[in-house]
$ cat my_file05.csv   # CSV, C-alpha atoms and all ligand atoms
chain,number,residue,atom,x,y,z
V,1,MET,CA,188.6,21.2,76.8
V,2,ASN,CA,186.5,21.8,73.7
V,3,PRO,CA,183.1,20.2,74.5
V,4,ILE,CA,182.8,19.1,70.8
V,5,VAL,CA,185.1,16.2,71.9
V,6,TYR,CA,182.2,14.7,73.8
V,7,ALA,CA,179.7,15.3,71.0
V,8,ILE,CA,181.8,13.5,68.3
V,9,PRO,CA,180.8,9.9,69.4
V,10,VAL,CA,177.1,11.0,69.5
V,11,PHE,CA,177.4,12.4,66.0
V,12,MET,CA,179.0,9.2,64.7
V,13,LEU,CA,176.5,6.9,66.4
V,14,THR,CA,173.5,8.8,65.2
V,15,ILE,CA,174.8,9.1,61.6
V,16,VAL,CA,175.3,5.3,61.5
V,17,ILE,CA,171.7,4.8,62.9
V,18,GLU,CA,170.2,7.2,60.4
V,19,ALA,CA,172.2,5.5,57.5
V,20,LEU,CA,171.0,2.1,58.7
V,21,ILE,CA,167.3,3.2,58.9
V,22,ALA,CA,167.6,4.8,55.4
V,23,TRP,CA,169.1,1.5,54.1
V,24,ARG,CA,166.4,-0.6,55.6
V,25,ARG,CA,163.7,1.7,54.1
V,26,ARG,CA,165.5,1.6,50.8
V,27,ARG,CA,165.8,5.4,50.7
V,28,PRO,CA,168.9,6.9,49.0
V,29,LEU,CA,169.6,9.4,51.8
V,30,TYR,CA,173.3,8.7,51.9
V,31,HIS,CA,176.1,8.6,49.3
V,32,VAL,CA,179.3,7.5,50.9
V,33,PRO,CA,181.7,10.0,49.1
V,34,ASP,CA,179.3,12.9,49.9
V,35,ALA,CA,179.0,11.9,53.6
V,36,VAL,CA,182.8,11.4,53.9
V,37,ALA,CA,183.3,14.9,52.3
V,38,SER,CA,180.8,16.4,54.8
V,39,LEU,CA,182.6,14.7,57.7
V,40,HIS,CA,186.0,15.9,56.4
V,41,LEU,CA,184.6,19.5,56.2
V,42,GLY,CA,183.4,19.1,59.9
V,43,VAL,CA,187.0,18.1,60.8
V,44,PHE,CA,188.4,20.9,58.7
V,45,SER,CA,186.3,23.5,60.5
V,46,GLN,CA,187.3,22.2,63.9
V,47,VAL,CA,191.0,22.2,63.0
V,48,ALA,CA,190.7,25.8,61.7
V,49,GLY,CA,188.7,26.7,64.8
V,50,ALA,CA,191.6,25.6,67.0
V,51,PHE,CA,193.5,28.6,65.5
V,52,LEU,CA,190.7,31.1,64.8
V,53,ARG,CA,188.4,30.7,67.8
V,54,VAL,CA,190.7,32.9,69.8
V,55,LEU,CA,189.8,35.7,67.3
V,56,ASN,CA,186.1,35.3,68.0
V,57,LEU,CA,186.4,35.0,71.8
V,58,GLY,CA,189.2,37.5,72.1
V,59,ILE,CA,187.3,40.3,70.4
V,60,TYR,CA,184.2,39.5,72.4
V,61,LEU,CA,186.2,39.5,75.7
V,62,LEU,CA,187.8,42.8,74.7
V,63,VAL,CA,184.5,44.5,73.9
V,64,TYR,CA,182.8,43.0,77.0
V,65,GLU,CA,185.5,44.2,79.4
V,66,ARG,CA,185.6,47.7,78.1
V,67,PHE,CA,182.1,48.6,77.0
V,68,HIS,CA,179.4,46.3,78.7
V,69,ALA,CA,176.4,48.3,79.7
V,70,PHE,CA,174.9,46.1,82.4
V,71,GLU,CA,176.2,43.8,85.1
V,72,LEU,CA,174.6,40.5,84.3
V,73,SER,CA,175.2,37.5,86.6
V,74,ALA,CA,176.6,34.3,85.0
V,75,LYS,CA,174.9,32.4,87.9
V,76,SER,CA,171.3,33.2,87.0
V,77,PRO,CA,169.7,30.6,84.7
V,78,TRP,CA,167.5,33.4,83.3
V,79,ILE,CA,170.6,35.2,81.9
V,80,TYR,CA,171.4,32.0,80.0
V,81,LEU,CA,167.9,31.9,78.6
V,82,PHE,CA,168.0,35.6,77.8
V,83,ALA,CA,171.5,35.1,76.1
V,84,LEU,CA,170.3,32.1,74.1
V,85,VAL,CA,167.3,34.1,72.7
V,86,LEU,CA,169.6,37.0,71.9
V,87,TYR,CA,172.3,34.8,70.5
V,88,ASP,CA,169.8,33.2,68.2
V,89,LEU,CA,168.5,36.6,67.0
V,90,ALA,CA,172.2,37.5,66.2
V,91,TYR,CA,172.6,34.2,64.5
V,92,TYR,CA,169.6,34.9,62.3
V,93,PHE,CA,171.2,38.0,60.9
V,94,HIS,CA,174.6,36.4,60.7
V,95,HIS,CA,173.1,33.5,58.7
V,96,ARG,CA,170.9,35.8,56.6
V,97,PHE,CA,173.9,38.0,55.6
V,98,GLY,CA,175.7,34.8,54.9
V,99,HIS,CA,173.2,34.2,52.1
V,100,GLU,CA,172.8,37.7,50.9
V,101,VAL,CA,176.4,39.1,50.7
V,102,ASN,CA,179.0,37.4,48.4
V,103,VAL,CA,182.0,37.6,50.7
V,104,LEU,CA,180.0,35.9,53.5
V,105,TRP,CA,178.3,33.4,51.1
V,106,ALA,CA,181.8,32.4,50.0
V,107,GLY,CA,182.3,31.0,53.5
V,108,HIS,CA,178.8,29.7,54.3
V,109,VAL,CA,178.4,28.0,50.9
V,110,VAL,CA,180.4,25.0,52.4
V,111,HIS,CA,177.4,24.1,54.5
V,112,HIS,CA,175.1,24.1,51.5
V,113,SER,CA,177.3,22.3,48.9
V,114,SER,CA,176.0,18.8,49.7
V,115,GLU,CA,173.3,17.6,47.4
V,116,TYR,CA,172.1,15.2,50.1
V,117,PHE,CA,170.4,16.1,53.4
V,118,ASN,CA,171.3,13.9,56.3
V,119,LEU,CA,173.0,14.2,59.7
V,120,SER,CA,176.4,14.2,58.1
V,121,THR,CA,175.3,17.4,56.3
V,122,ALA,CA,175.0,19.1,59.7
V,123,LEU,CA,178.7,18.6,60.2
V,124,ARG,CA,179.6,20.1,56.8
V,125,GLN,CA,180.8,23.4,58.4
V,126,PRO,CA,182.8,26.2,56.9
V,127,SER,CA,186.3,27.0,58.1
V,128,SER,CA,186.6,30.7,57.0
V,129,THR,CA,183.5,32.3,58.5
V,130,THR,CA,185.2,33.0,61.8
V,131,PHE,CA,187.0,35.9,60.2
V,132,VAL,CA,183.8,37.9,60.1
V,133,SER,CA,181.2,36.1,62.3
V,134,TRP,CA,182.4,37.7,65.5
V,135,MET,CA,180.9,41.1,64.5
V,136,PHE,CA,177.3,39.8,64.6
V,137,TYR,CA,177.6,38.8,68.2
V,138,LEU,CA,179.2,42.0,69.6
V,139,PRO,CA,175.7,43.4,70.7
V,140,LEU,CA,175.7,40.7,73.3
V,141,ALA,CA,179.0,41.9,74.7
V,142,LEU,CA,177.8,45.5,74.7
V,143,ILE,CA,174.7,44.5,76.6
V,144,GLY,CA,176.8,42.7,79.1
V,145,VAL,CA,176.3,39.0,78.5
V,146,PRO,CA,179.2,37.4,80.4
V,147,PRO,CA,181.7,35.6,78.1
V,148,VAL,CA,181.0,32.2,79.7
V,149,VAL,CA,177.3,32.6,79.1
V,150,PHE,CA,178.0,33.7,75.5
V,151,ILE,CA,180.1,30.5,74.9
V,152,VAL,CA,177.4,28.2,76.4
V,153,ALA,CA,174.7,30.0,74.3
V,154,GLY,CA,176.8,29.6,71.2
V,155,LEU,CA,177.4,25.9,71.9
V,156,ILE,CA,173.7,25.2,72.5
V,157,ASP,CA,172.7,27.0,69.4
V,158,LEU,CA,175.2,25.1,67.3
V,159,LEU,CA,174.4,21.7,68.8
V,160,TYR,CA,170.6,22.2,68.4
V,161,GLN,CA,171.0,22.6,64.7
V,162,TYR,CA,172.4,19.1,64.4
V,163,TRP,CA,169.2,17.1,64.6
V,164,VAL,CA,167.3,19.2,62.0
V,165,HIS,CA,169.4,17.8,59.2
V,166,THR,CA,167.4,14.7,58.4
V,167,GLU,CA,164.8,13.6,55.9
V,168,LEU,CA,163.6,10.8,58.3
V,169,ILE,CA,161.5,13.2,60.4
V,170,GLY,CA,158.4,14.7,58.7
V,171,ARG,CA,156.3,17.6,59.7
V,172,LEU,CA,155.9,18.4,63.4
V,173,GLY,CA,152.8,20.6,63.3
V,174,VAL,CA,152.9,23.7,65.4
V,175,PHE,CA,156.6,23.0,66.4
V,176,ASP,CA,157.5,23.7,62.8
V,177,ARG,CA,156.2,27.2,63.2
V,178,ILE,CA,158.0,28.1,66.4
V,179,PHE,CA,161.3,26.2,66.2
V,180,VAL,CA,163.8,25.3,63.5
V,181,THR,CA,162.9,21.8,62.6
V,182,PRO,CA,163.8,19.2,59.9
V,183,SER,CA,160.8,20.3,57.8
V,184,ASN,CA,161.6,24.0,57.6
V,185,HIS,CA,165.4,23.5,57.5
V,186,ARG,CA,165.0,21.2,54.5
V,187,VAL,CA,163.5,24.2,52.7
V,188,HIS,CA,166.5,26.2,53.7
V,189,HIS,CA,168.8,23.7,52.0
V,190,GLY,CA,166.8,23.5,48.8
V,191,GLN,CA,167.6,25.0,45.4
V,192,ASN,CA,164.0,24.9,44.1
V,193,ASP,CA,162.6,28.3,43.3
V,194,TYR,CA,160.5,28.5,46.4
V,195,CYS,CA,163.4,27.5,48.7
V,196,LEU,CA,165.8,30.4,48.0
V,197,ASP,CA,166.7,32.8,50.7
V,198,CYS,CA,164.5,31.7,53.6
V,199,ASN,CA,164.4,30.0,57.0
V,200,TYR,CA,167.6,31.4,58.5
V,201,GLY,CA,166.8,30.7,62.2
V,202,GLY,CA,169.1,28.6,64.4
V,203,ILE,CA,166.8,27.5,67.1
V,204,PHE,CA,163.7,29.7,66.7
V,205,ILE,CA,162.0,30.0,63.3
V,206,ILE,CA,160.0,32.8,64.8
V,207,TRP,CA,162.7,35.3,63.6
V,208,ASP,CA,161.9,34.3,60.0
V,209,ARG,CA,158.2,34.8,60.7
V,210,ILE,CA,158.9,38.3,62.1
V,211,PHE,CA,161.2,39.4,59.3
V,212,GLY,CA,159.3,37.9,56.5
V,213,THR,CA,161.6,35.1,55.4
V,214,PHE,CA,159.6,32.1,56.6
V,215,VAL,CA,158.6,29.5,54.0
V,216,GLU,CA,156.8,26.3,54.7
V,217,GLU,CA,157.8,23.0,53.1
V,218,ARG,CA,155.5,22.1,50.2
V,219,GLU,CA,153.8,18.8,49.8
V,220,GLY,CA,154.3,17.2,46.4
V,221,GLU,CA,157.3,19.3,45.5
V,222,PRO,CA,160.4,17.4,46.8
V,223,VAL,CA,163.2,19.6,47.8
V,224,VAL,CA,166.3,19.4,45.6
V,225,TYR,CA,169.3,20.0,47.9
V,226,GLY,CA,172.5,21.9,47.1
V,227,VAL,CA,173.5,25.1,45.4
V,228,ARG,CA,172.7,26.4,41.9
V,229,LYS,CA,176.4,26.4,41.0
V,230,PRO,CA,177.3,22.9,42.1
V,231,LEU,CA,180.6,22.2,43.8
V,232,ARG,CA,181.3,18.8,42.1
V,233,SER,CA,184.2,18.0,44.3
V,234,TYR,CA,185.1,16.0,47.5
V,235,ASN,CA,188.2,18.1,48.2
V,236,PRO,CA,187.7,19.9,51.5
V,237,LEU,CA,190.2,22.6,50.6
V,238,TRP,CA,188.5,23.4,47.3
V,239,SER,CA,185.1,23.2,49.0
V,240,ASN,CA,186.2,26.1,51.3
V,241,LEU,CA,187.8,28.2,48.5
V,242,HIS,CA,185.7,27.8,45.3
V,243,VAL,CA,183.4,30.8,45.7
V,244,TYR,CA,186.3,33.0,46.9
V,245,ALA,CA,188.1,31.9,43.7
V,246,ASP,CA,185.0,32.8,41.6
V,247,LEU,CA,184.7,36.2,43.2
V,248,TRP,CA,188.5,36.9,42.7
V,249,GLN,CA,188.1,36.1,39.1
V,250,LYS,CA,185.0,38.4,38.8
V,251,MET,CA,186.9,41.1,40.6
V,252,ARG,CA,189.8,40.9,38.1
V,253,GLU,CA,187.3,41.4,35.3
V,254,GLN,CA,186.0,44.7,36.7
V,255,LYS,CA,187.6,48.0,35.7
V,256,GLY,CA,187.4,50.5,38.6
V,257,LEU,CA,188.3,50.1,42.3
V,258,ARG,CA,184.7,50.7,43.3
V,259,GLN,CA,183.4,48.0,41.0
V,260,LYS,CA,186.1,45.6,42.1
V,261,ILE,CA,185.1,46.1,45.8
V,262,ALA,CA,181.4,45.9,44.9
V,263,VAL,CA,181.8,42.4,43.6
V,264,TRP,CA,182.5,41.1,47.2
V,265,PHE,CA,179.4,42.8,48.7
V,266,ALA,CA,176.9,42.1,45.9
V,267,PRO,CA,174.2,39.5,46.5
V,268,PRO,CA,175.1,36.0,45.2
V,269,THR,CA,172.0,36.1,43.0
V,270,GLY,CA,173.2,39.4,41.5
V,271,HIS,CA,171.3,42.7,41.8
V,272,LEU,CA,167.6,42.0,40.9
V,273,ALA,CA,165.2,44.7,39.9
V,274,PRO,CA,162.1,45.1,42.1
V,275,GLY,CA,159.8,42.1,41.4
V,276,GLU,CA,162.5,40.3,39.4
V,277,LYS,CA,163.2,36.7,40.3
V,278,PRO,CA,166.4,34.6,40.1
V,279,PRO,CA,166.5,32.3,37.1
V,280,HIS,CA,164.1,29.4,37.2
V,281,PHE,CA,165.4,26.0,38.5
V,282,GLU,CA,163.9,22.8,36.9
V,283,PRO,CA,164.1,20.0,39.5
V,284,ALA,CA,163.4,17.3,36.8
V,285,THR,CA,166.7,18.1,35.0
V,286,PHE,CA,168.9,17.9,38.2
V,287,ALA,CA,171.4,15.1,38.6
V,288,ARG,CA,173.4,14.7,41.8
V,289,PHE,CA,177.2,14.7,41.5
V,290,ASP,CA,178.7,11.3,41.5
V,291,SER,CA,182.4,10.8,40.7
V,292,GLY,CA,181.7,7.1,40.1
V,293,ALA,CA,184.1,6.0,42.9
V,294,ASP,CA,184.4,2.3,43.1
V,295,GLY,CA,182.9,0.5,46.2
V,296,ALA,CA,186.4,-0.4,47.4
V,297,VAL,CA,187.5,3.2,47.3
V,298,GLN,CA,184.4,4.2,49.2
V,299,ARG,CA,185.1,1.6,51.9
V,300,TYR,CA,188.7,2.7,52.0
V,301,ALA,CA,187.6,6.3,52.5
V,302,LEU,CA,185.3,5.2,55.4
V,303,LEU,CA,188.1,3.4,57.1
V,304,GLN,CA,190.4,6.4,56.7
V,305,TYR,CA,187.7,8.6,58.2
V,306,THR,CA,187.4,6.3,61.2
V,307,VAL,CA,191.1,6.7,61.8
V,308,LEU,CA,190.9,10.4,61.2
V,309,ALA,CA,187.9,10.8,63.6
V,310,GLY,CA,190.1,9.3,66.4
V,311,LEU,CA,193.0,11.6,65.5
V,312,THR,CA,190.8,14.6,65.3
V,313,THR,CA,189.2,13.9,68.7
V,314,HIS,CA,192.8,13.7,70.1
V,315,PHE,CA,193.7,16.9,68.2
V,316,ILE,CA,190.7,18.9,69.6
V,317,ALA,CA,191.4,17.6,73.1
V,318,VAL,CA,195.1,18.6,73.2
V,319,ALA,CA,195.2,21.5,70.7
V,320,SER,CA,195.0,24.3,73.4
V,321,SER,CA,197.9,22.7,75.3
V,322,LEU,CA,200.2,22.2,72.3
V,323,PRO,CA,202.8,24.8,71.2
V,324,VAL,CA,201.7,26.6,68.1
V,325,ALA,CA,204.3,24.9,65.9
V,326,SER,CA,203.2,21.4,67.0
V,327,ARG,CA,199.5,22.3,66.7
V,328,ALA,CA,200.2,23.6,63.1
V,329,LEU,CA,202.1,20.4,62.2
V,330,TYR,CA,199.3,18.2,63.6
V,331,ALA,CA,196.7,20.3,61.7
V,332,LEU,CA,198.7,20.0,58.5
V,333,CYS,CA,198.8,16.3,58.9
V,334,LEU,CA,195.0,16.1,59.3
V,335,LEU,CA,194.4,18.5,56.4
V,336,CYS,CA,196.7,16.6,54.0
V,337,SER,CA,195.0,13.3,55.0
V,338,MET,CA,191.5,14.6,54.2
V,339,THR,CA,192.6,16.3,51.0
V,340,THR,CA,194.3,13.2,49.6
V,341,VAL,CA,191.3,10.9,50.5
V,342,GLY,CA,189.1,13.5,48.8
V,343,LEU,CA,191.2,13.4,45.7
V,344,LEU,CA,191.1,9.6,45.7
V,345,LEU,CA,187.3,9.7,45.8
V,346,GLU,CA,187.3,12.0,42.8
V,347,GLY,CA,189.6,9.6,40.9
V,348,ARG,CA,192.3,12.2,40.3
V,349,SER,CA,195.4,11.0,38.6
V,350,LEU,CA,198.3,10.3,41.0
V,351,ALA,CA,195.8,10.3,43.9
V,352,ARG,CA,196.4,6.6,44.6
V,353,ARG,CA,200.2,7.1,44.7
V,354,ILE,CA,200.0,10.2,46.9
V,355,GLU,CA,197.6,8.4,49.3
V,356,GLN,CA,199.9,5.4,49.5
V,357,GLY,CA,202.8,7.6,50.4
V,358,ARG,CA,200.7,9.5,53.0
V,359,ILE,CA,199.4,6.4,54.7
V,360,VAL,CA,202.8,4.7,55.0
V,361,LEU,CA,204.5,7.9,56.2
V,362,LEU,CA,201.7,8.4,58.8
V,363,GLY,CA,202.1,4.8,60.0
V,364,LEU,CA,205.9,5.3,60.3
V,365,LEU,CA,205.7,8.6,62.1
V,366,PHE,CA,203.2,7.2,64.6
V,367,ALA,CA,205.3,4.1,65.2
V,368,LEU,CA,208.7,5.7,65.4
V,369,SER,CA,207.9,9.0,67.2
V,370,PRO,CA,208.5,8.8,71.0
V,371,THR,CA,205.2,10.6,71.5
V,372,TRP,CA,202.3,11.4,69.2
V,373,PHE,CA,201.7,15.1,70.1
V,374,GLY,CA,201.8,14.4,73.8
V,375,PHE,CA,200.2,10.9,73.6
V,376,VAL,CA,202.6,8.0,74.5
V,377,ALA,CA,201.3,5.1,72.5
V,378,PRO,CA,201.9,1.6,73.9
V,379,LEU,CA,204.0,-0.6,71.7
V,380,PRO,CA,201.1,-2.9,70.4
V,381,LEU,CA,199.3,0.3,69.3
V,382,LYS,CA,202.4,1.5,67.5
V,383,ILE,CA,202.8,-1.8,65.7
V,384,PHE,CA,199.1,-1.8,64.8
V,385,GLY,CA,199.5,1.8,63.4
V,386,LEU,CA,202.4,0.8,61.2
V,387,LEU,CA,200.8,-2.4,60.0
V,388,LEU,CA,197.6,-0.5,59.2
V,389,GLY,CA,199.6,2.0,57.1
V,390,ILE,CA,201.4,-0.7,55.2
V,391,GLY,CA,198.2,-2.8,54.8
V,392,CYS,CA,196.2,0.2,53.5
V,393,ALA,CA,199.0,1.0,51.0
V,394,LEU,CA,198.9,-2.6,49.7
V,395,TRP,CA,195.1,-2.6,49.6
V,396,LEU,CA,195.2,0.6,47.5
V,397,ALA,CA,197.6,-1.1,45.1
V,398,ARG,CA,195.1,-4.0,44.5
V,399,MET,CA,192.0,-1.8,44.2
V,400,PRO,CA,190.4,-1.8,40.7
V,401,LEU,CA,191.6,1.2,38.7
V,402,PHE,CA,189.3,4.0,39.6
V,403,ALA,CA,187.3,4.9,36.5
V,404,PRO,CA,187.1,8.6,35.9
V,405,PRO,CA,183.6,10.1,36.2
V,406,ARG,CA,181.6,10.3,33.1
V,407,GLY,CA,181.9,13.9,32.2
V,408,ALA,CA,181.8,15.0,35.9
V,409,LEU,CA,185.4,16.1,36.2
V,410,ALA,CA,187.8,17.7,33.9
W,1,ZN,ZN,172.4,28.7,55.2
W,2,ZN,ZN,171.8,23.4,57.6
$ encode --input "my_file05.csv" --output "structure tokens" --more "lines below"
Ligand SMILES: [Zn+2]
Ligand SMILES: [Zn+2]
Amino acid sequence: MNPIVYAIPVFMLTIVIEALIAWRRRRPLYHVPDAVASLHLGVFSQVAGAFLRVLNLGIYLLVYERFHAFELSAKSPWIYLFALVLYDLAYYFHHRFGHEVNVLWAGHVVHHSSEYFNLSTALRQPSSTTFVSWMFYLPLALIGVPPVVFIVAGLIDLLYQYWVHTELIGRLGVFDRIFVTPSNHRVHHGQNDYCLDCNYGGIFIIWDRIFGTFVEEREGEPVVYGVRKPLRSYNPLWSNLHVYADLWQKMREQKGLRQKIAVWFAPPTGHLAPGEKPPHFEPATFARFDSGADGAVQRYALLQYTVLAGLTTHFIAVASSLPVASRALYALCLLCSMTTVGLLLEGRSLARRIEQGRIVLLGLLFALSPTWFGFVAPLPLKIFGLLLGIGCALWLARMPLFAPPRGALA
């Protein structure tokens, strides 16, 4: 079973604790639509991973079995430590290329599109990077890191990065100069001039110090989070596609084949002459995206996420045992749910009607199907599911008409 299933309750609990601490200290660290969008993107990447992970592991296994140079034992704890350090080095380059090459940035941008920095941001993960990420880790297979050790190292590296997404933890002294920490990762998520293209490490920030990309957090210059070309959307599908769409458009504008291909491999900042810097960013003029979603819509989105979190945990737990068609149907059901809630948060026309249809249909399917993708729900739970669907549809009908954002959306 995917071990992320066990991590989900810990993620949810710590996010609630962080949000409560922020609320008590009157610090605006959370914005519900943004946090829900981040959580949706986390679900999105897990759902996509249920189909794509086999690509990553399959290629690793293939290369390991045919070409590994050394016989390393999966029983030695030293091999795990060695693999973790090596994995983190590979992650450094994977992450760095993710910022320096357009086609890789198009996937990784998802993680940076939040204009807030909190534990929910850590879960804002891309869905499309698996198509290319495998190649960065093949040196481990060639050296002979056993697949099980590779999987464990990857999981530790991923989970470690969760806690560094917070503004509640300040500087940690010497720790900030050896490990990736909230302080140096805040800089990585910044769009201030001094924050661009730095601090790529996963667990060890030492790689940045070795390769000249380490930047310390500056006192008195608050980090402005997000990307220079803001996403301005809560739609998880568009969040994963918007930079690909931009690049596609840029490619169409080019004349020759070479120029068209070059678009995908150019740096996101464009080709700069030696000594030339990207355009200046003025923090004082920055305003975070807010669609103006009504409080009731935000509470509704939170409730829907709670239901979705339960369904997603079930999906991840059973995905590998489901036939591909059932898995695809379940995935589609989750993806449609997140997209319609995202559209509702944006105040899109017809979003309310679509969401009402979705929630009633979901309630009916859950109540009337003999099994819910292998889970035989007891009758009281089926009745509860149906009533919840109808109740949500009625609640939506009574919600104040969602005012369109002031100039935020077309
Ligand atoms: Zn990054
Ligand atoms: Zn991050």
$ residues_around --input "my_file05.csv" --residues "V:Ile59" --least-positions-apart "3" --cutoff "9 Å" --atoms "all atoms listed in the file" --output "tab-separated table (two decimals) with C-alpha atoms, in the coordinates of the input"
chain	number	residue	atom	x	y	z
V	54	VAL	CA	190.70	32.90	69.80
V	55	LEU	CA	189.80	35.70	67.30
V	56	ASN	CA	186.10	35.30	68.00
V	62	LEU	CA	187.80	42.80	74.70
V	63	VAL	CA	184.50	44.50	73.90
V	64	TYR	CA	182.80	43.00	77.00
V	134	TRP	CA	182.40	37.70	65.50
V	135	MET	CA	180.90	41.10	64.50
V	138	LEU	CA	179.20	42.00	69.60
$ residues_around --input "my_file05.csv" --residues "V:Val85" --least-positions-apart "2" --cutoff "12 Å" --atoms "all atoms listed in the file" --output "JSON, numbers by chain"
{"V": [78, 79, 80, 81, 82, 83, 87, 88, 89, 90, 91, 92, 140, 145, 149, 150, 153, 154, 156, 157, 179, 201, 202, 203, 204, 205, 206, 207]}
$ write_last_selection --input "my_file05.csv" --atoms "C-alpha atoms" --output "mmCIF file, keeping the file's coordinate frame"
data_model
loop_
_atom_site.group_PDB
_atom_site.id
_atom_site.type_symbol
_atom_site.label_atom_id
_atom_site.label_comp_id
_atom_site.auth_asym_id
_atom_site.auth_seq_id
_atom_site.Cartn_x
_atom_site.Cartn_y
_atom_site.Cartn_z
ATOM 1 C CA TRP V 78 167.500 33.400 83.300
ATOM 2 C CA ILE V 79 170.600 35.200 81.900
ATOM 3 C CA TYR V 80 171.400 32.000 80.000
ATOM 4 C CA LEU V 81 167.900 31.900 78.600
ATOM 5 C CA PHE V 82 168.000 35.600 77.800
ATOM 6 C CA ALA V 83 171.500 35.100 76.100
ATOM 7 C CA TYR V 87 172.300 34.800 70.500
ATOM 8 C CA ASP V 88 169.800 33.200 68.200
ATOM 9 C CA LEU V 89 168.500 36.600 67.000
ATOM 10 C CA ALA V 90 172.200 37.500 66.200
ATOM 11 C CA TYR V 91 172.600 34.200 64.500
ATOM 12 C CA TYR V 92 169.600 34.900 62.300
ATOM 13 C CA LEU V 140 175.700 40.700 73.300
ATOM 14 C CA VAL V 145 176.300 39.000 78.500
ATOM 15 C CA VAL V 149 177.300 32.600 79.100
ATOM 16 C CA PHE V 150 178.000 33.700 75.500
ATOM 17 C CA ALA V 153 174.700 30.000 74.300
ATOM 18 C CA GLY V 154 176.800 29.600 71.200
ATOM 19 C CA ILE V 156 173.700 25.200 72.500
ATOM 20 C CA ASP V 157 172.700 27.000 69.400
ATOM 21 C CA PHE V 179 161.300 26.200 66.200
ATOM 22 C CA GLY V 201 166.800 30.700 62.200
ATOM 23 C CA GLY V 202 169.100 28.600 64.400
ATOM 24 C CA ILE V 203 166.800 27.500 67.100
ATOM 25 C CA PHE V 204 163.700 29.700 66.700
ATOM 26 C CA ILE V 205 162.000 30.000 63.300
ATOM 27 C CA ILE V 206 160.000 32.800 64.800
ATOM 28 C CA TRP V 207 162.700 35.300 63.600
#
$ closest_residue --input "my_file05.csv" --among "V:Gln356, V:Ser326, V:Ser320, V:Gln125" --to "ligand ZN 1 (chain W)" --atoms "all atoms listed in the file"
V:Gln125
$ residues_around --input "my_file05.csv" --residues "V:Ser38" --least-positions-apart "2" --cutoff "9 Å" --atoms "all atoms listed in the file" --output "PyMOL selection string"
chain V and resi 33-36+40-43+110-111+114+120-125+234+236
$ residues_around --input "my_file05.csv" --residues "stretch 375-391 of chain V" --least-positions-apart "4" --cutoff "7 Å" --atoms "only C-alpha atoms" --output "ChimeraX atom specification"
/V:359-360,362-364,366-367,370-371,395
$ write_last_selection --input "my_file05.csv" --atoms "C-alpha atoms" --output "PDB file, in the frame of the given file"
ATOM      1  CA  ILE V 359     199.400   6.400  54.700  1.00  0.00           C
ATOM      2  CA  VAL V 360     202.800   4.700  55.000  1.00  0.00           C
ATOM      3  CA  LEU V 362     201.700   8.400  58.800  1.00  0.00           C
ATOM      4  CA  GLY V 363     202.100   4.800  60.000  1.00  0.00           C
ATOM      5  CA  LEU V 364     205.900   5.300  60.300  1.00  0.00           C
ATOM      6  CA  PHE V 366     203.200   7.200  64.600  1.00  0.00           C
ATOM      7  CA  ALA V 367     205.300   4.100  65.200  1.00  0.00           C
ATOM      8  CA  PRO V 370     208.500   8.800  71.000  1.00  0.00           C
ATOM      9  CA  THR V 371     205.200  10.600  71.500  1.00  0.00           C
ATOM     10  CA  TRP V 395     195.100  -2.600  49.600  1.00  0.00           C
TER      11      TRP V 395
END
$ residues_near_ligand --input "my_file05.csv" --ligand "ligand ZN 2 (chain W)" --cutoff "12 Å" --atoms "only C-alpha atoms and all ligand atoms" --output "number ranges by chain"
V: 38, 95, 108-126, 158-166, 180-190, 198-203, 225-226
$ closest_residue --input "my_file05.csv" --among "V:Asn240, V:Thr340, V:Gln191, V:Thr312" --to "ligand ZN 1 (chain W)" --atoms "all atoms listed in the file"
V:Gln191
